[in-house]
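Student: Sharing final.pdb here; it has PDB, N, CA and C atoms.
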```pdb
ATOM      1  N   MET A   5     102.122  98.291  48.803  1.00  0.00           N
ATOM      2  CA  MET A   5     100.909  98.623  49.501  1.00  0.00           C
ATOM      3  C   MET A   5     100.660  97.623  50.627  1.00  0.00           C
ATOM      4  N   LEU A   6     101.077  96.412  50.430  1.00  0.00           N
ATOM      5  CA  LEU A   6     100.904  95.387  51.457  1.00  0.00           C
ATOM      6  C   LEU A   6     101.724  95.720  52.701  1.00  0.00           C
ATOM      7  N   ILE A   7     102.974  96.093  52.495  1.00  0.00           N
ATOM      8  CA  ILE A   7     103.841  96.409  53.635  1.00  0.00           C
ATOM      9  C   ILE A   7     103.335  97.648  54.369  1.00  0.00           C
ATOM     10  N   THR A   8     102.889  98.645  53.624  1.00  0.00           N
ATOM     11  CA  THR A   8     102.352  99.856  54.242  1.00  0.00           C
ATOM     12  C   THR A   8     101.106  99.534  55.061  1.00  0.00           C
ATOM     13  N   GLY A   9     100.233  98.705  54.537  1.00  0.00           N
ATOM     14  CA  GLY A   9      99.028  98.312  55.265  1.00  0.00           C
ATOM     15  C   GLY A   9      99.355  97.563  56.545  1.00  0.00           C
ATOM     16  N   ILE A  10     100.356  96.683  56.480  1.00  0.00           N
ATOM     17  CA  ILE A  10     100.756  95.928  57.668  1.00  0.00           C
ATOM     18  C   ILE A  10     101.332  96.866  58.728  1.00  0.00           C
ATOM     19  N   LEU A  11     102.193  97.795  58.302  1.00  0.00           N
ATOM     20  CA  LEU A  11     102.786  98.739  59.261  1.00  0.00           C
ATOM     21  C   LEU A  11     101.731  99.641  59.890  1.00  0.00           C
ATOM     22  N   ILE A  12     100.803 100.153  59.087  1.00  0.00           N
ATOM     23  CA  ILE A  12      99.739 101.008  59.622  1.00  0.00           C
ATOM     24  C   ILE A  12      98.893 100.227  60.611  1.00  0.00           C
ATOM     25  N   THR A  13      98.568  98.989  60.296  1.00  0.00           N
ATOM     26  CA  THR A  13      97.742  98.171  61.182  1.00  0.00           C
ATOM     27  C   THR A  13      98.459  97.893  62.506  1.00  0.00           C
ATOM     28  N   ILE A  14      99.747  97.598  62.456  1.00  0.00           N
ATOM     29  CA  ILE A  14     100.499  97.317  63.686  1.00  0.00           C
ATOM     30  C   ILE A  14     100.559  98.555  64.586  1.00  0.00           C
ATOM     31  N   VAL A  15     100.891  99.706  63.993  1.00  0.00           N
ATOM     32  CA  VAL A  15     100.970 100.935  64.787  1.00  0.00           C
ATOM     33  C   VAL A  15      99.597 101.317  65.338  1.00  0.00           C
ATOM     34  N   ALA A  16      98.549 101.124  64.552  1.00  0.00           N
ATOM     35  CA  ALA A  16      97.207 101.451  65.018  1.00  0.00           C
ATOM     36  C   ALA A  16      96.766 100.528  66.155  1.00  0.00           C
ATOM     37  N   LEU A  17      97.109  99.259  66.071  1.00  0.00           N
ATOM     38  CA  LEU A  17      96.774  98.341  67.166  1.00  0.00           C
ATOM     39  C   LEU A  17      97.514  98.733  68.445  1.00  0.00           C
ATOM     40  N   LEU A  18      98.770  99.148  68.291  1.00  0.00           N
ATOM     41  CA  LEU A  18      99.503  99.624  69.469  1.00  0.00           C
ATOM     42  C   LEU A  18      98.882 100.897  70.027  1.00  0.00           C
ATOM     43  N   MET A  19      98.364 101.752  69.135  1.00  0.00           N
ATOM     44  CA  MET A  19      97.712 102.978  69.576  1.00  0.00           C
ATOM     45  C   MET A  19      96.454 102.659  70.379  1.00  0.00           C
ATOM     46  N   ILE A  20      95.766 101.595  70.002  1.00  0.00           N
ATOM     47  CA  ILE A  20      94.562 101.197  70.736  1.00  0.00           C
ATOM     48  C   ILE A  20      94.938 100.566  72.078  1.00  0.00           C
ATOM     49  N   LEU A  21      95.973  99.718  72.085  1.00  0.00           N
ATOM     50  CA  LEU A  21      96.321  98.969  73.289  1.00  0.00           C
ATOM     51  C   LEU A  21      97.068  99.811  74.328  1.00  0.00           C
ATOM     52  N   ILE A  22      98.021 100.639  73.881  1.00  0.00           N
ATOM     53  CA  ILE A  22      98.796 101.449  74.827  1.00  0.00           C
ATOM     54  C   ILE A  22      98.813 102.920  74.395  1.00  0.00           C
ATOM     55  N   PRO A  23      97.690 103.623  74.588  1.00  0.00           N
ATOM     56  CA  PRO A  23      97.634 105.020  74.160  1.00  0.00           C
ATOM     57  C   PRO A  23      98.540 105.940  74.981  1.00  0.00           C
ATOM     58  N   GLN A  24      98.918 105.516  76.192  1.00  0.00           N
ATOM     59  CA  GLN A  24      99.778 106.354  77.027  1.00  0.00           C
ATOM     60  C   GLN A  24     101.118 106.606  76.358  1.00  0.00           C
ATOM     61  N   PHE A  25     101.654 105.616  75.660  1.00  0.00           N
ATOM     62  CA  PHE A  25     102.933 105.768  74.971  1.00  0.00           C
ATOM     63  C   PHE A  25     102.848 106.866  73.909  1.00  0.00           C
ATOM     64  N   PHE A  26     101.772 106.857  73.135  1.00  0.00           N
ATOM     65  CA  PHE A  26     101.627 107.835  72.069  1.00  0.00           C
ATOM     66  C   PHE A  26     101.290 109.218  72.617  1.00  0.00           C
ATOM     67  N   MET A  27     100.678 109.273  73.786  1.00  0.00           N
ATOM     68  CA  MET A  27     100.382 110.564  74.393  1.00  0.00           C
ATOM     69  C   MET A  27     101.652 111.231  74.910  1.00  0.00           C
ATOM     70  N   LYS A  28     102.656 110.466  75.265  1.00  0.00           N
ATOM     71  CA  LYS A  28     103.879 111.030  75.837  1.00  0.00           C
ATOM     72  C   LYS A  28     104.945 111.357  74.799  1.00  0.00           C
ATOM     73  N   LEU A  29     104.659 111.141  73.522  1.00  0.00           N
ATOM     74  CA  LEU A  29     105.613 111.522  72.487  1.00  0.00           C
ATOM     75  C   LEU A  29     105.778 113.040  72.493  1.00  0.00           C
ATOM     76  N   LYS A  30     106.960 113.520  72.220  1.00  0.00           N
ATOM     77  CA  LYS A  30     107.267 114.941  72.381  1.00  0.00           C
ATOM     78  C   LYS A  30     106.843 115.803  71.196  1.00  0.00           C
ATOM     79  N   SER A  31     106.513 115.220  70.069  1.00  0.00           N
ATOM     80  CA  SER A  31     106.148 116.028  68.919  1.00  0.00           C
ATOM     81  C   SER A  31     104.795 115.585  68.401  1.00  0.00           C
ATOM     82  N   PRO A  32     103.787 116.388  68.406  1.00  0.00           N
ATOM     83  CA  PRO A  32     103.705 117.737  68.943  1.00  0.00           C
ATOM     84  C   PRO A  32     103.555 117.712  70.454  1.00  0.00           C
ATOM     85  N   ARG A  33     103.961 118.754  71.088  1.00  0.00           N
ATOM     86  CA  ARG A  33     103.927 118.846  72.543  1.00  0.00           C
ATOM     87  C   ARG A  33     102.492 118.971  73.021  1.00  0.00           C
ATOM     88  N   ILE A  34     102.086 118.063  73.909  1.00  0.00           N
ATOM     89  CA  ILE A  34     100.739 118.076  74.484  1.00  0.00           C
ATOM     90  C   ILE A  34     100.862 118.578  75.918  1.00  0.00           C
ATOM     91  N   PRO A  35     100.074 119.583  76.307  1.00  0.00           N
ATOM     92  CA  PRO A  35     100.146 120.079  77.688  1.00  0.00           C
ATOM     93  C   PRO A  35      99.797 118.980  78.705  1.00  0.00           C
ATOM     94  N   ASP A  36     100.378 119.096  79.895  1.00  0.00           N
ATOM     95  CA  ASP A  36     100.150 118.087  80.940  1.00  0.00           C
ATOM     96  C   ASP A  36      98.678 117.982  81.313  1.00  0.00           C
ATOM     97  N   LYS A  37      97.952 119.090  81.207  1.00  0.00           N
ATOM     98  CA  LYS A  37      96.528 119.077  81.541  1.00  0.00           C
ATOM     99  C   LYS A  37      95.766 118.121  80.617  1.00  0.00           C
ATOM    100  N   LEU A  38      96.135 118.108  79.339  1.00  0.00           N
ATOM    101  CA  LEU A  38      95.473 117.199  78.397  1.00  0.00           C
ATOM    102  C   LEU A  38      95.915 115.753  78.588  1.00  0.00           C
ATOM    103  N   LEU A  39      97.169 115.553  79.005  1.00  0.00           N
ATOM    104  CA  LEU A  39      97.656 114.193  79.210  1.00  0.00           C
ATOM    105  C   LEU A  39      96.905 113.476  80.319  1.00  0.00           C
ATOM    106  N   LYS A  40      96.446 114.232  81.304  1.00  0.00           N
ATOM    107  CA  LYS A  40      95.727 113.630  82.430  1.00  0.00           C
ATOM    108  C   LYS A  40      94.239 113.473  82.143  1.00  0.00           C
ATOM    109  N   ASN A  41      93.771 114.020  81.048  1.00  0.00           N
ATOM    110  CA  ASN A  41      92.358 113.951  80.702  1.00  0.00           C
ATOM    111  C   ASN A  41      92.029 112.562  80.136  1.00  0.00           C
ATOM    112  N   PRO A  42      91.055 111.858  80.725  1.00  0.00           N
ATOM    113  CA  PRO A  42      90.717 110.506  80.229  1.00  0.00           C
ATOM    114  C   PRO A  42      90.099 110.527  78.831  1.00  0.00           C
ATOM    115  N   LYS A  43      89.544 111.657  78.411  1.00  0.00           N
ATOM    116  CA  LYS A  43      88.967 111.734  77.066  1.00  0.00           C
ATOM    117  C   LYS A  43      90.050 111.632  75.998  1.00  0.00           C
ATOM    118  N   MET A  44      91.263 112.022  76.342  1.00  0.00           N
ATOM    119  CA  MET A  44      92.358 111.960  75.380  1.00  0.00           C
ATOM    120  C   MET A  44      92.670 110.517  74.998  1.00  0.00           C
ATOM    121  N   LYS A  45      92.579 109.602  75.963  1.00  0.00           N
ATOM    122  CA  LYS A  45      92.790 108.180  75.665  1.00  0.00           C
ATOM    123  C   LYS A  45      91.713 107.660  74.726  1.00  0.00           C
ATOM    124  N   ILE A  46      90.485 108.104  74.942  1.00  0.00           N
ATOM    125  CA  ILE A  46      89.379 107.666  74.088  1.00  0.00           C
ATOM    126  C   ILE A  46      89.586 108.158  72.659  1.00  0.00           C
ATOM    127  N   VAL A  47      90.033 109.411  72.524  1.00  0.00           N
ATOM    128  CA  VAL A  47      90.281 109.966  71.199  1.00  0.00           C
ATOM    129  C   VAL A  47      91.376 109.184  70.491  1.00  0.00           C
ATOM    130  N   LEU A  48      92.444 108.846  71.200  1.00  0.00           N
ATOM    131  CA  LEU A  48      93.525 108.071  70.590  1.00  0.00           C
ATOM    132  C   LEU A  48      93.053 106.683  70.185  1.00  0.00           C
ATOM    133  N   ARG A  49      92.203 106.081  70.982  1.00  0.00           N
ATOM    134  CA  ARG A  49      91.688 104.754  70.635  1.00  0.00           C
ATOM    135  C   ARG A  49      90.777 104.817  69.417  1.00  0.00           C
ATOM    136  N   ILE A  50      90.003 105.894  69.295  1.00  0.00           N
ATOM    137  CA  ILE A  50      89.148 106.055  68.117  1.00  0.00           C
ATOM    138  C   ILE A  50      90.008 106.226  66.866  1.00  0.00           C
ATOM    139  N   TRP A  51      91.052 107.073  66.942  1.00  0.00           N
ATOM    140  CA  TRP A  51      91.967 107.247  65.818  1.00  0.00           C
ATOM    141  C   TRP A  51      92.650 105.919  65.485  1.00  0.00           C
ATOM    142  N   GLY A  52      93.027 105.177  66.496  1.00  0.00           N
ATOM    143  CA  GLY A  52      93.632 103.868  66.265  1.00  0.00           C
ATOM    144  C   GLY A  52      92.682 102.937  65.533  1.00  0.00           C
ATOM    145  N   GLY A  53      91.425 102.948  65.923  1.00  0.00           N
ATOM    146  CA  GLY A  53      90.419 102.122  65.253  1.00  0.00           C
ATOM    147  C   GLY A  53      90.235 102.500  63.799  1.00  0.00           C
ATOM    148  N   ILE A  54      90.243 103.798  63.522  1.00  0.00           N
ATOM    149  CA  ILE A  54      90.121 104.264  62.139  1.00  0.00           C
ATOM    150  C   ILE A  54      91.311 103.783  61.315  1.00  0.00           C
ATOM    151  N   PHE A  55      92.511 103.901  61.889  1.00  0.00           N
ATOM    152  CA  PHE A  55      93.699 103.486  61.154  1.00  0.00           C
ATOM    153  C   PHE A  55      93.803 101.974  61.007  1.00  0.00           C
ATOM    154  N   VAL A  56      93.232 101.208  61.926  1.00  0.00           N
ATOM    155  CA  VAL A  56      93.185  99.754  61.751  1.00  0.00           C
ATOM    156  C   VAL A  56      92.339  99.416  60.531  1.00  0.00           C
ATOM    157  N   ILE A  57      91.217 100.086  60.392  1.00  0.00           N
ATOM    158  CA  ILE A  57      90.343  99.853  59.237  1.00  0.00           C
ATOM    159  C   ILE A  57      91.069 100.225  57.942  1.00  0.00           C
ATOM    160  N   ILE A  58      91.764 101.369  57.952  1.00  0.00           N
ATOM    161  CA  ILE A  58      92.510 101.790  56.763  1.00  0.00           C
ATOM    162  C   ILE A  58      93.608 100.774  56.432  1.00  0.00           C
ATOM    163  N   GLY A  59      94.324 100.304  57.450  1.00  0.00           N
ATOM    164  CA  GLY A  59      95.376  99.321  57.222  1.00  0.00           C
ATOM    165  C   GLY A  59      94.843  98.022  56.650  1.00  0.00           C
ATOM    166  N   ILE A  60      93.717  97.561  57.177  1.00  0.00           N
ATOM    167  CA  ILE A  60      93.117  96.325  56.667  1.00  0.00           C
ATOM    168  C   ILE A  60      92.649  96.505  55.222  1.00  0.00           C
ATOM    169  N   LEU A  61      92.095  97.691  54.914  1.00  0.00           N
ATOM    170  CA  LEU A  61      91.683  97.955  53.534  1.00  0.00           C
ATOM    171  C   LEU A  61      92.881  97.961  52.584  1.00  0.00           C
ATOM    172  N   LEU A  62      93.990  98.545  53.022  1.00  0.00           N
ATOM    173  CA  LEU A  62      95.190  98.543  52.178  1.00  0.00           C
ATOM    174  C   LEU A  62      95.694  97.124  51.939  1.00  0.00           C
ATOM    175  N   ILE A  63      95.668  96.305  52.981  1.00  0.00           N
ATOM    176  CA  ILE A  63      96.097  94.913  52.829  1.00  0.00           C
ATOM    177  C   ILE A  63      95.168  94.178  51.867  1.00  0.00           C
ATOM    178  N   ALA A  64      93.862  94.388  52.022  1.00  0.00           N
ATOM    179  CA  ALA A  64      92.900  93.711  51.156  1.00  0.00           C
ATOM    180  C   ALA A  64      93.049  94.160  49.701  1.00  0.00           C
ATOM    181  N   LEU A  65      93.253  95.445  49.494  1.00  0.00           N
ATOM    182  CA  LEU A  65      93.397  95.944  48.122  1.00  0.00           C
ATOM    183  C   LEU A  65      94.688  95.442  47.467  1.00  0.00           C
ATOM    184  N   SER A  66      95.730  95.267  48.259  1.00  0.00           N
ATOM    185  CA  SER A  66      96.978  94.791  47.668  1.00  0.00           C
ATOM    186  C   SER A  66      96.920  93.305  47.326  1.00  0.00           C
ATOM    187  N   ILE A  67      96.103  92.552  48.036  1.00  0.00           N
ATOM    188  CA  ILE A  67      95.977  91.121  47.762  1.00  0.00           C
ATOM    189  C   ILE A  67      95.077  90.873  46.545  1.00  0.00           C
ATOM    190  N   ILE A  68      94.084  91.696  46.385  1.00  0.00           N
ATOM    191  CA  ILE A  68      93.128  91.510  45.265  1.00  0.00           C
ATOM    192  C   ILE A  68      93.784  91.822  43.940  1.00  0.00           C
TER     193      ILE A  68
END
```
Using structure tokens, write down the structure that the file contains.
Tutor:
Amino acid sequence: MLITGILITIVALLMILIPQFFMKLKSPRIPDKLLKNPKMKIVLRIWGGIFVIIGILLIALSII
């Protein structure tokens, strides 16, 4: 659980810092119109924030 929490936290932090990378992944295919929408970056950052919290909780639960 500790390793999973660390991996989730790292990927989520990257999702917050560089959302453009995750938007350009090919699966699932995102239309170009959505890629240019600034709201899409905000949504990815919110999801990243949620997953950071989940990752930290997993790390905390594995240590306790």
Student: Given only C-alpha atoms as the basis, pick out the residue of A:Ala64, A:Ile20, A:Ile14, A:Ile58 nearest to Met44 in chain A.
Tutor: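 Answer, going by the shortest atom-to-atom distance: A:Ile20.
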Student: Using all atoms listed in the file, which protein or nucleic acid residues come within 7 Å of Leu6 in chain A? Drop anything in the same chain fewer than 4 positions from it, and give the result as a ChimeraX atom specification.
Tutor: /A:10-11,62-63,66-67
Student: Any chance you could resolve the PyMOL selection byres ((chain A and resi 12) around 8) against this file and give the residues as a compact mmCIF listing (two decimals) with N, CA and C atoms, keeping the file's coordinate frame?
Tutor:
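What landed in selection.txt:
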```txt
# COMPACT_ATOMS: atom_id res chain seq x y z
N LEU A 6 101.08 96.41 50.43
CA LEU A 6 100.90 95.39 51.46
C LEU A 6 101.72 95.72 52.70
N ILE A 7 102.97 96.09 52.50
CA ILE A 7 103.84 96.41 53.64
C ILE A 7 103.34 97.65 54.37
N THR A 8 102.89 98.64 53.62
CA THR A 8 102.35 99.86 54.24
C THR A 8 101.11 99.53 55.06
N GLY A 9 100.23 98.70 54.54
CA GLY A 9 99.03 98.31 55.26
C GLY A 9 99.36 97.56 56.54
N ILE A 10 100.36 96.68 56.48
CA ILE A 10 100.76 95.93 57.67
C ILE A 10 101.33 96.87 58.73
N LEU A 11 102.19 97.80 58.30
CA LEU A 11 102.79 98.74 59.26
C LEU A 11 101.73 99.64 59.89
N THR A 13 98.57 98.99 60.30
CA THR A 13 97.74 98.17 61.18
C THR A 13 98.46 97.89 62.51
N ILE A 14 99.75 97.60 62.46
CA ILE A 14 100.50 97.32 63.69
C ILE A 14 100.56 98.56 64.59
N VAL A 15 100.89 99.71 63.99
CA VAL A 15 100.97 100.94 64.79
C VAL A 15 99.60 101.32 65.34
N ALA A 16 98.55 101.12 64.55
CA ALA A 16 97.21 101.45 65.02
C ALA A 16 96.77 100.53 66.16
N LEU A 17 97.11 99.26 66.07
CA LEU A 17 96.77 98.34 67.17
C LEU A 17 97.51 98.73 68.44
N LEU A 18 98.77 99.15 68.29
CA LEU A 18 99.50 99.62 69.47
C LEU A 18 98.88 100.90 70.03
N PHE A 55 92.51 103.90 61.89
CA PHE A 55 93.70 103.49 61.15
C PHE A 55 93.80 101.97 61.01
N VAL A 56 93.23 101.21 61.93
CA VAL A 56 93.18 99.75 61.75
C VAL A 56 92.34 99.42 60.53
N ILE A 57 91.22 100.09 60.39
CA ILE A 57 90.34 99.85 59.24
C ILE A 57 91.07 100.22 57.94
N ILE A 58 91.76 101.37 57.95
CA ILE A 58 92.51 101.79 56.76
C ILE A 58 93.61 100.77 56.43
N GLY A 59 94.32 100.30 57.45
CA GLY A 59 95.38 99.32 57.22
C GLY A 59 94.84 98.02 56.65
N ILE A 60 93.72 97.56 57.18
CA ILE A 60 93.12 96.32 56.67
C ILE A 60 92.65 96.50 55.22
```
Student: What does the distance between atom N of Leu39 in chain A and atom C of Phe26 in chain A come to in Å, to one decimal place?
Tutor: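 Atom C of Phe26 in chain A lies at a distance of 9.9 Å from atom N of Leu39 in chain A.
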Student: What is the distance between atom N of Ile50 in chain A and atom N of Leu29 in chain A, in Å to one decimal?
Tutor: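 Interatomic distance, atom N of Ile50 in chain A to atom N of Leu29 in chain A: 16.1 Å.
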Student: Quick one, how far is atom N of Met19 in chain A from atom N of Arg33 in chain A?
Tutor: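 These two atoms are separated by 18.0 Å.
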Student: Identify, with DSSP run on backbone atoms, the residues in chain A assigned to alpha helix (DSSP H), and express the list as an NGL selection string.
Tutor: :A and (6-21 or 23-27 or 36-39 or 42-67)
Student: Draw an axis-aligned box tight on the listed atoms of range 29-44 of chain A, then pad every side by 6 Å and write out centre and edge lengths in Å to one decimal as JSON.
Tutor:
```
{"center_x": 98.1, "center_y": 115.3, "center_z": 75.4, "size_x": 30.3, "size_y": 21.6, "size_z": 26.0}
```
Student: Would you mind telling me which residue in A:Met27, A:Leu61, A:Leu21, A:Ile68 lies nearest to Pro42 in chain A when using only C-alpha atoms?
Tutor: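 Going through A:Met27, A:Leu61, A:Leu21, A:Ile68 one by one, the smallest distance to Pro42 in chain A is for A:Met27.
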